[in-house]
Amino acid sequence: MTEVKLPDPEQLAAGILRRERAAVASGLNLLDNKLAAARDRSARLLASLSGERWLNDGHLIGVTGPPGAGKSSLVAAMIREWRLAGRTVGVLAVDPSSRPELGGGALLGDRIRIKNSSYDEGLFIRSLANRSQLGGVATEVWPMSWLMLGCFDIVVIETVGVGQTEIDIAEIGDTVCYVAQPASGDTIQYLKSGIIEIPDIFAVNKADLGTSARKTASELGRSASRPDRREGWDYPVCLVSATTNAGIKPFLEHVDRHRSFLADVGLLGKLRSRHQSAWVMRLLKEEFGTFGLDLAGGHSIIGQRLSENRCNQFAEYERMRMHILSRFTSGKSSSNSTR
Ligand SMILES: Nc1nc2c(ncn2[C@@H]2O[C@H](COP(=O)(O)OP(=O)(O)OP(=O)(O)O)[C@@H](O)[C@H]2O)c(=O)[nH]1
Ligand SMILES: [Mg+2]
């Protein structure tokens with residue numbers, strides 16, 4: 001078997017922070033590589049990218065909703081506005097349209113290129129085919145979104161689905177936008193029955209269809225008034241049309257307003273740190289199983305260690321991995337603290 005040369009994580013991190021496209025692409029590939037040697041380097045890469053910035057800067061936005069609601073079209077419209085305003089954007093599209101039988105993974109990219117033919121340094125799109133099929137968002141999407149947060153003002157994650165996917169996306173994004181399809185009762189039923197969490201912002205797309213979109217918007221407005229709403233936030237329902245561009249600017253104002261809200265009430269850093277802990281737990285469990293989690297001290301010790309090093313949870317993650325690996329190899333199985 002030929003050995004694939006893996007990039008040096010520290011050099012890669014430096015290139016990513018300078019927003020070099022080749023470094024961003026290579027970093028994302030590394031995070032997506034499941035080989036044991038690559039996992040070591042991925043953890044080192046993430047550790048060298050961590051810092052205060054990850055608690056305070058940028059905006060991670062999840063865009064989710066049922067198939068065909070117009071998520072990719074809406075993301076393309078959002079990108080156009082952001083780029084006009086000079087903001088840099090990274091996109092992770094977990095896009096079922098990128099199924100190979102439908103012609104590959106560039107649908108969103110193609111759509112944007114149509115309007116924006118020149119090469120754009122401030123925009124990076126990565127399509128991930130078939131990553132949400134096991135009822136949730138694949139674990140690699142989370143570190144990938146954080147890598148992008150290291151070098152873009154705005155990072156968007158587009159996912160399709162209902163149920164677990166929304167819960168997962170709510171554990172990645174600062175702001176979750178739900179794109180609803182006009183005249184589809186499903187979303188309202190899911191909301192009422194609590195199957196989906198309340199997203200921070202609703203976008204009822206295809207407003208150009210007229211009455212059906214307006215009706216869906218007003219029904220959603222009523223259904224979203226559940227008691228588990230976050231205090232101080234108004235959960236706006238926006239009517240938009242990705243095709244005609246109607247309503248996109250006001251919708252984006254709500255998106256920005258949500259980030260300001262989180263920052264003002266001191267929730268942004270807390271939310272991110274909580275999300276990071278949840279994903280570190282998931283990554284450790286995926287790699288080592290519950291036995292591995294126990295070797296690192298169990299849930300509460302791991303949670304405590306992560307919260308003590310909030311700015312650099314990936315470095316903490318790397319230390320825990322190393323510890324578990326050494327325990328595996330030395331054959332010890334005590335579940336004491338890793339200190
Ligand atoms: N009339 C109208 N059609 C739209 C609008 N936005 C998207 N569409 C159409 O809706 C269809 C689905 O759009 P996509 O953007 O691919 O939807 P999606 O939610 O990303 O779809 P999946 O990723 O496959 O789940 C396409 O045929 C679009 O042209 C809109 O604002 N108005
Ligand atoms: Mg799509």
# chains A, B, ... in the order shown; residues from 1 in each chain; ligands from 1
$ residues_near_ligand --ligand "ligand 1" --cutoff "7 Å" --atoms "only C-alpha atoms and all ligand atoms" --output "mmCIF file with C-alpha atoms, in the first residue's frame"
data_model
loop_
_atom_site.group_PDB
_atom_site.id
_atom_site.type_symbol
_atom_site.label_atom_id
_atom_site.label_comp_id
_atom_site.auth_asym_id
_atom_site.auth_seq_id
_atom_site.Cartn_x
_atom_site.Cartn_y
_atom_site.Cartn_z
ATOM 1 C CA GLY A 65 -35.042 22.518 6.841
ATOM 2 C CA PRO A 66 -36.849 19.919 4.750
ATOM 3 C CA PRO A 67 -35.578 18.698 1.362
ATOM 4 C CA GLY A 68 -36.272 21.086 -1.467
ATOM 5 C CA ALA A 69 -37.289 24.039 0.736
ATOM 6 C CA GLY A 70 -34.680 26.166 -1.002
ATOM 7 C CA LYS A 71 -31.839 26.039 1.542
ATOM 8 C CA SER A 72 -29.053 26.071 -1.050
ATOM 9 C CA SER A 73 -30.780 28.798 -3.057
ATOM 10 C CA LEU A 74 -31.233 30.878 0.086
ATOM 11 C CA ASP A 95 -26.062 18.478 0.570
ATOM 12 C CA PRO A 96 -28.089 15.519 -0.607
ATOM 13 C CA SER A 97 -28.111 17.177 -4.020
ATOM 14 C CA VAL A 160 -31.210 18.798 5.408
ATOM 15 C CA ASN A 205 -38.886 30.711 1.414
ATOM 16 C CA LYS A 206 -40.615 30.971 -1.978
ATOM 17 C CA ALA A 207 -42.542 34.065 -0.899
ATOM 18 C CA ASP A 208 -43.005 34.683 -4.629
ATOM 19 C CA LEU A 209 -45.638 31.912 -4.512
ATOM 20 C CA VAL A 240 -38.084 35.483 1.737
ATOM 21 C CA SER A 241 -37.645 34.545 -1.868
ATOM 22 C CA ALA A 242 -34.253 33.208 -2.862
ATOM 23 C CA THR A 243 -35.348 33.527 -6.497
ATOM 24 C CA THR A 244 -36.423 37.182 -6.511
#
$ select_by_dssp --residues "region 173-339 of chain A" --states "strand (DSSP E)" --output "PDB file with N, CA and C atoms, in the first residue's frame"
ATOM      1  N   THR A 175     -26.398  30.557  15.606  1.00  0.00           N
ATOM      2  CA  THR A 175     -27.727  30.934  15.140  1.00  0.00           C
ATOM      3  C   THR A 175     -28.250  29.832  14.225  1.00  0.00           C
ATOM      4  N   VAL A 176     -29.442  29.341  14.506  1.00  0.00           N
ATOM      5  CA  VAL A 176     -30.029  28.312  13.644  1.00  0.00           C
ATOM      6  C   VAL A 176     -31.192  28.910  12.863  1.00  0.00           C
ATOM      7  N   CYS A 177     -31.093  28.824  11.538  1.00  0.00           N
ATOM      8  CA  CYS A 177     -32.169  29.315  10.669  1.00  0.00           C
ATOM      9  C   CYS A 177     -32.872  28.118  10.054  1.00  0.00           C
ATOM     10  N   TYR A 178     -34.164  28.119  10.146  1.00  0.00           N
ATOM     11  CA  TYR A 178     -34.942  27.013   9.590  1.00  0.00           C
ATOM     12  C   TYR A 178     -35.662  27.520   8.345  1.00  0.00           C
ATOM     13  N   VAL A 179     -35.394  26.857   7.229  1.00  0.00           N
ATOM     14  CA  VAL A 179     -36.030  27.262   5.973  1.00  0.00           C
ATOM     15  C   VAL A 179     -37.286  26.411   5.799  1.00  0.00           C
ATOM     16  N   ALA A 180     -38.433  27.075   5.770  1.00  0.00           N
ATOM     17  CA  ALA A 180     -39.700  26.338   5.675  1.00  0.00           C
ATOM     18  C   ALA A 180     -40.267  26.447   4.266  1.00  0.00           C
ATOM     19  N   ILE A 201     -34.391  31.577  14.021  1.00  0.00           N
ATOM     20  CA  ILE A 201     -35.046  32.381  12.979  1.00  0.00           C
ATOM     21  C   ILE A 201     -35.709  31.441  11.973  1.00  0.00           C
ATOM     22  N   PHE A 202     -36.936  31.768  11.605  1.00  0.00           N
ATOM     23  CA  PHE A 202     -37.589  31.035  10.523  1.00  0.00           C
ATOM     24  C   PHE A 202     -37.480  31.845   9.238  1.00  0.00           C
ATOM     25  N   ALA A 203     -37.175  31.168   8.133  1.00  0.00           N
ATOM     26  CA  ALA A 203     -37.275  31.824   6.834  1.00  0.00           C
ATOM     27  C   ALA A 203     -38.278  31.022   6.017  1.00  0.00           C
ATOM     28  N   VAL A 204     -39.437  31.592   5.773  1.00  0.00           N
ATOM     29  CA  VAL A 204     -40.384  30.922   4.879  1.00  0.00           C
ATOM     30  C   VAL A 204     -39.993  31.348   3.471  1.00  0.00           C
ATOM     31  N   VAL A 237     -40.073  35.372  12.239  1.00  0.00           N
ATOM     32  CA  VAL A 237     -40.456  34.561  11.079  1.00  0.00           C
ATOM     33  C   VAL A 237     -40.362  35.483   9.862  1.00  0.00           C
ATOM     34  N   CYS A 238     -39.474  35.156   8.918  1.00  0.00           N
ATOM     35  CA  CYS A 238     -39.244  36.052   7.783  1.00  0.00           C
ATOM     36  C   CYS A 238     -39.782  35.429   6.502  1.00  0.00           C
ATOM     37  N   LEU A 239     -40.389  36.254   5.687  1.00  0.00           N
ATOM     38  CA  LEU A 239     -40.813  35.800   4.357  1.00  0.00           C
ATOM     39  C   LEU A 239     -39.713  36.176   3.377  1.00  0.00           C
TER      40      LEU A 239
END
$ atom_distance --atom1 "CA of Gly161 (chain A)" --atom2 "CA of Asp200 (chain A)"
16.5 Å
$ residues_around --residues "Leu252 (chain A)" --least-positions-apart "6" --cutoff "10 Å" --atoms "only C-alpha atoms" --output "PyMOL selection string"
chain A and resi 78+81-82+238+258
$ closest_residue --among "A:Cys151, A:Ala43, A:Leu28, A:Val89" --to "Ser127 (chain A)" --atoms "only C-alpha atoms"
A:Leu28
$ closest_residue --among "A:Thr329, A:Ser212, A:Thr64, A:Phe288" --to "ligand 2" --atoms "only C-alpha atoms and all ligand atoms"
A:Thr64
$ select_by_dssp --residues "region 129-327 of chain A" --states "alpha helix (DSSP H)" --output "PyMOL selection string"
chain A and resi 141-149+164-170+186-193+211-223+248-264+268-295+298-308+313-327
$ residues_around --residues "Leu123 (chain A)" --least-positions-apart "3" --cutoff "7 Å" --atoms "only C-alpha atoms" --output "ChimeraX atom specification"
/A:88-90,120
$ closest_residue --among "A:Glu197, A:Asp40, A:Glu20, A:Glu253" --to "Phe124 (chain A)" --atoms "only C-alpha atoms"
A:Glu20
$ residues_around --residues "Asn56 (chain A)" --least-positions-apart "3" --cutoff "7 Å" --atoms "only C-alpha atoms" --output "VMD selection string"
chain A and resid 52 to 53 268 to 269
$ residues_around --residues "Thr216 (chain A)" --least-positions-apart "2" --cutoff "9 Å" --atoms "only C-alpha atoms" --output "list in words"
Ala180, Gln181, Pro182, Ala183, Ser184, Gly185, Ile188, Val204, Thr211, Ser212, Ala213, Arg214, Ser218, Glu219, Leu220 and Gly221 of chain A
$ atom_distance --atom1 "CA of Ser223 (chain A)" --atom2 "CA of Pro250 (chain A)"
21.5 Å
$ closest_residue --among "A:Val63, A:Gly15, A:Asp186, A:Ser42" --to "ligand 2" --atoms "only C-alpha atoms and all ligand atoms"
A:Val63
$ closest_residue --among "A:Leu271, A:Leu147, A:Val75, A:Ala23" --to "ligand 2" --atoms "only C-alpha atoms and all ligand atoms"
A:Val75
$ closest_residue --among "A:Leu84, A:Ala13, A:Ala263, A:Leu295" --to "Ser326 (chain A)" --atoms "only C-alpha atoms"
A:Leu295
$ residues_around --residues "Phe261 (chain A)" --least-positions-apart "4" --cutoff "8 Å" --atoms "only C-alpha atoms" --output "MDAnalysis selection string"
chainID A and resid 233 257 265
$ atom_distance --atom1 "CA of His323 (chain A)" --atom2 "CA of Val141 (chain A)"
24.4 Å
$ decode --residues "region 142-155 of chain A" --atoms "all heavy atoms" --output "PDB file, in the first residue's frame"
ATOM      1  N   TRP A 142     -18.445  19.154  12.643  1.00  0.00           N
ATOM      2  CA  TRP A 142     -18.193  20.137  13.713  1.00  0.00           C
ATOM      3  C   TRP A 142     -16.760  20.681  13.671  1.00  0.00           C
ATOM      4  O   TRP A 142     -16.567  21.891  13.558  1.00  0.00           O
ATOM      5  CB  TRP A 142     -18.564  19.521  15.060  1.00  0.00           C
ATOM      6  CG  TRP A 142     -18.140  20.348  16.214  1.00  0.00           C
ATOM      7  CD1 TRP A 142     -18.672  21.547  16.599  1.00  0.00           C
ATOM      8  CD2 TRP A 142     -17.080  20.065  17.094  1.00  0.00           C
ATOM      9  NE1 TRP A 142     -18.001  22.021  17.695  1.00  0.00           N
ATOM     10  CE2 TRP A 142     -17.030  21.140  18.015  1.00  0.00           C
ATOM     11  CE3 TRP A 142     -16.178  19.015  17.218  1.00  0.00           C
ATOM     12  CZ2 TRP A 142     -16.092  21.178  19.035  1.00  0.00           C
ATOM     13  CZ3 TRP A 142     -15.255  19.072  18.242  1.00  0.00           C
ATOM     14  CH2 TRP A 142     -15.218  20.136  19.138  1.00  0.00           C
ATOM     15  N   PRO A 143     -15.708  19.816  13.712  1.00  0.00           N
ATOM     16  CA  PRO A 143     -14.368  20.411  13.603  1.00  0.00           C
ATOM     17  C   PRO A 143     -14.158  21.167  12.295  1.00  0.00           C
ATOM     18  O   PRO A 143     -13.447  22.177  12.271  1.00  0.00           O
ATOM     19  CB  PRO A 143     -13.414  19.220  13.715  1.00  0.00           C
ATOM     20  CG  PRO A 143     -14.227  17.999  13.671  1.00  0.00           C
ATOM     21  CD  PRO A 143     -15.647  18.361  13.983  1.00  0.00           C
ATOM     22  N   MET A 144     -14.797  20.697  11.220  1.00  0.00           N
ATOM     23  CA  MET A 144     -14.640  21.414   9.950  1.00  0.00           C
ATOM     24  C   MET A 144     -15.197  22.834  10.047  1.00  0.00           C
ATOM     25  O   MET A 144     -14.613  23.783   9.541  1.00  0.00           O
ATOM     26  CB  MET A 144     -15.371  20.671   8.834  1.00  0.00           C
ATOM     27  CG  MET A 144     -14.659  19.431   8.365  1.00  0.00           C
ATOM     28  SD  MET A 144     -15.662  18.631   7.099  1.00  0.00           S
ATOM     29  CE  MET A 144     -14.433  17.587   6.360  1.00  0.00           C
ATOM     30  N   SER A 145     -16.343  22.967  10.731  1.00  0.00           N
ATOM     31  CA  SER A 145     -16.923  24.302  10.833  1.00  0.00           C
ATOM     32  C   SER A 145     -16.041  25.207  11.697  1.00  0.00           C
ATOM     33  O   SER A 145     -15.908  26.397  11.435  1.00  0.00           O
ATOM     34  CB  SER A 145     -18.359  24.236  11.362  1.00  0.00           C
ATOM     35  OG  SER A 145     -18.355  23.672  12.646  1.00  0.00           O
ATOM     36  N   TRP A 146     -15.384  24.596  12.692  1.00  0.00           N
ATOM     37  CA  TRP A 146     -14.502  25.403  13.552  1.00  0.00           C
ATOM     38  C   TRP A 146     -13.225  25.791  12.840  1.00  0.00           C
ATOM     39  O   TRP A 146     -12.686  26.867  13.064  1.00  0.00           O
ATOM     40  CB  TRP A 146     -14.219  24.649  14.851  1.00  0.00           C
ATOM     41  CG  TRP A 146     -15.414  24.772  15.722  1.00  0.00           C
ATOM     42  CD1 TRP A 146     -16.580  24.077  15.605  1.00  0.00           C
ATOM     43  CD2 TRP A 146     -15.623  25.711  16.764  1.00  0.00           C
ATOM     44  NE1 TRP A 146     -17.481  24.513  16.529  1.00  0.00           N
ATOM     45  CE2 TRP A 146     -16.920  25.510  17.264  1.00  0.00           C
ATOM     46  CE3 TRP A 146     -14.823  26.697  17.346  1.00  0.00           C
ATOM     47  CZ2 TRP A 146     -17.450  26.265  18.305  1.00  0.00           C
ATOM     48  CZ3 TRP A 146     -15.354  27.437  18.395  1.00  0.00           C
ATOM     49  CH2 TRP A 146     -16.643  27.217  18.862  1.00  0.00           C
ATOM     50  N   LEU A 147     -12.758  24.921  11.982  1.00  0.00           N
ATOM     51  CA  LEU A 147     -11.580  25.282  11.178  1.00  0.00           C
ATOM     52  C   LEU A 147     -11.919  26.521  10.344  1.00  0.00           C
ATOM     53  O   LEU A 147     -11.159  27.489  10.293  1.00  0.00           O
ATOM     54  CB  LEU A 147     -11.197  24.111  10.270  1.00  0.00           C
ATOM     55  CG  LEU A 147      -9.982  24.301   9.368  1.00  0.00           C
ATOM     56  CD1 LEU A 147      -9.315  22.952   9.088  1.00  0.00           C
ATOM     57  CD2 LEU A 147     -10.304  24.982   8.059  1.00  0.00           C
ATOM     58  N   MET A 148     -13.111  26.490   9.720  1.00  0.00           N
ATOM     59  CA  MET A 148     -13.499  27.624   8.877  1.00  0.00           C
ATOM     60  C   MET A 148     -13.677  28.896   9.699  1.00  0.00           C
ATOM     61  O   MET A 148     -13.387  29.991   9.227  1.00  0.00           O
ATOM     62  CB  MET A 148     -14.776  27.294   8.128  1.00  0.00           C
ATOM     63  CG  MET A 148     -14.546  26.330   6.975  1.00  0.00           C
ATOM     64  SD  MET A 148     -16.039  26.247   5.984  1.00  0.00           S
ATOM     65  CE  MET A 148     -15.370  25.646   4.444  1.00  0.00           C
ATOM     66  N   LEU A 149     -14.157  28.740  10.926  1.00  0.00           N
ATOM     67  CA  LEU A 149     -14.331  29.910  11.786  1.00  0.00           C
ATOM     68  C   LEU A 149     -12.981  30.581  12.065  1.00  0.00           C
ATOM     69  O   LEU A 149     -12.919  31.767  12.361  1.00  0.00           O
ATOM     70  CB  LEU A 149     -14.994  29.479  13.103  1.00  0.00           C
ATOM     71  CG  LEU A 149     -15.548  30.583  13.989  1.00  0.00           C
ATOM     72  CD1 LEU A 149     -16.652  31.347  13.305  1.00  0.00           C
ATOM     73  CD2 LEU A 149     -16.034  30.031  15.310  1.00  0.00           C
ATOM     74  N   GLY A 150     -11.912  29.795  11.937  1.00  0.00           N
ATOM     75  CA  GLY A 150     -10.576  30.353  12.127  1.00  0.00           C
ATOM     76  C   GLY A 150     -10.204  31.388  11.069  1.00  0.00           C
ATOM     77  O   GLY A 150      -9.290  32.180  11.274  1.00  0.00           O
ATOM     78  N   CYS A 151     -10.894  31.395   9.935  1.00  0.00           N
ATOM     79  CA  CYS A 151     -10.446  32.309   8.875  1.00  0.00           C
ATOM     80  C   CYS A 151     -11.555  33.020   8.098  1.00  0.00           C
ATOM     81  O   CYS A 151     -11.252  33.839   7.229  1.00  0.00           O
ATOM     82  CB  CYS A 151      -9.503  31.574   7.919  1.00  0.00           C
ATOM     83  SG  CYS A 151     -10.192  30.097   7.209  1.00  0.00           S
ATOM     84  N   PHE A 152     -12.815  32.761   8.397  1.00  0.00           N
ATOM     85  CA  PHE A 152     -13.880  33.493   7.696  1.00  0.00           C
ATOM     86  C   PHE A 152     -14.749  34.243   8.706  1.00  0.00           C
ATOM     87  O   PHE A 152     -14.923  33.797   9.836  1.00  0.00           O
ATOM     88  CB  PHE A 152     -14.762  32.528   6.880  1.00  0.00           C
ATOM     89  CG  PHE A 152     -14.009  31.824   5.789  1.00  0.00           C
ATOM     90  CD1 PHE A 152     -13.634  30.496   5.940  1.00  0.00           C
ATOM     91  CD2 PHE A 152     -13.643  32.499   4.636  1.00  0.00           C
ATOM     92  CE1 PHE A 152     -12.910  29.851   4.946  1.00  0.00           C
ATOM     93  CE2 PHE A 152     -12.917  31.861   3.641  1.00  0.00           C
ATOM     94  CZ  PHE A 152     -12.548  30.534   3.795  1.00  0.00           C
ATOM     95  N   ASP A 153     -15.310  35.370   8.257  1.00  0.00           N
ATOM     96  CA  ASP A 153     -16.173  36.156   9.149  1.00  0.00           C
ATOM     97  C   ASP A 153     -17.437  35.377   9.486  1.00  0.00           C
ATOM     98  O   ASP A 153     -17.950  35.435  10.598  1.00  0.00           O
ATOM     99  CB  ASP A 153     -16.603  37.468   8.465  1.00  0.00           C
ATOM    100  CG  ASP A 153     -15.413  38.347   8.110  1.00  0.00           C
ATOM    101  OD1 ASP A 153     -14.406  38.270   8.831  1.00  0.00           O
ATOM    102  OD2 ASP A 153     -15.496  39.107   7.113  1.00  0.00           O
ATOM    103  N   ILE A 154     -17.939  34.677   8.465  1.00  0.00           N
ATOM    104  CA  ILE A 154     -19.195  33.953   8.632  1.00  0.00           C
ATOM    105  C   ILE A 154     -19.000  32.523   8.146  1.00  0.00           C
ATOM    106  O   ILE A 154     -18.387  32.294   7.103  1.00  0.00           O
ATOM    107  CB  ILE A 154     -20.312  34.621   7.797  1.00  0.00           C
ATOM    108  CG1 ILE A 154     -20.625  36.013   8.351  1.00  0.00           C
ATOM    109  CG2 ILE A 154     -21.586  33.764   7.765  1.00  0.00           C
ATOM    110  CD1 ILE A 154     -21.437  36.875   7.446  1.00  0.00           C
ATOM    111  N   VAL A 155     -19.494  31.566   8.922  1.00  0.00           N
ATOM    112  CA  VAL A 155     -19.449  30.167   8.483  1.00  0.00           C
ATOM    113  C   VAL A 155     -20.877  29.632   8.465  1.00  0.00           C
ATOM    114  O   VAL A 155     -21.600  29.749   9.463  1.00  0.00           O
ATOM    115  CB  VAL A 155     -18.575  29.307   9.430  1.00  0.00           C
ATOM    116  CG1 VAL A 155     -18.586  27.845   8.992  1.00  0.00           C
ATOM    117  CG2 VAL A 155     -17.147  29.831   9.455  1.00  0.00           C
TER     118      VAL A 155
END
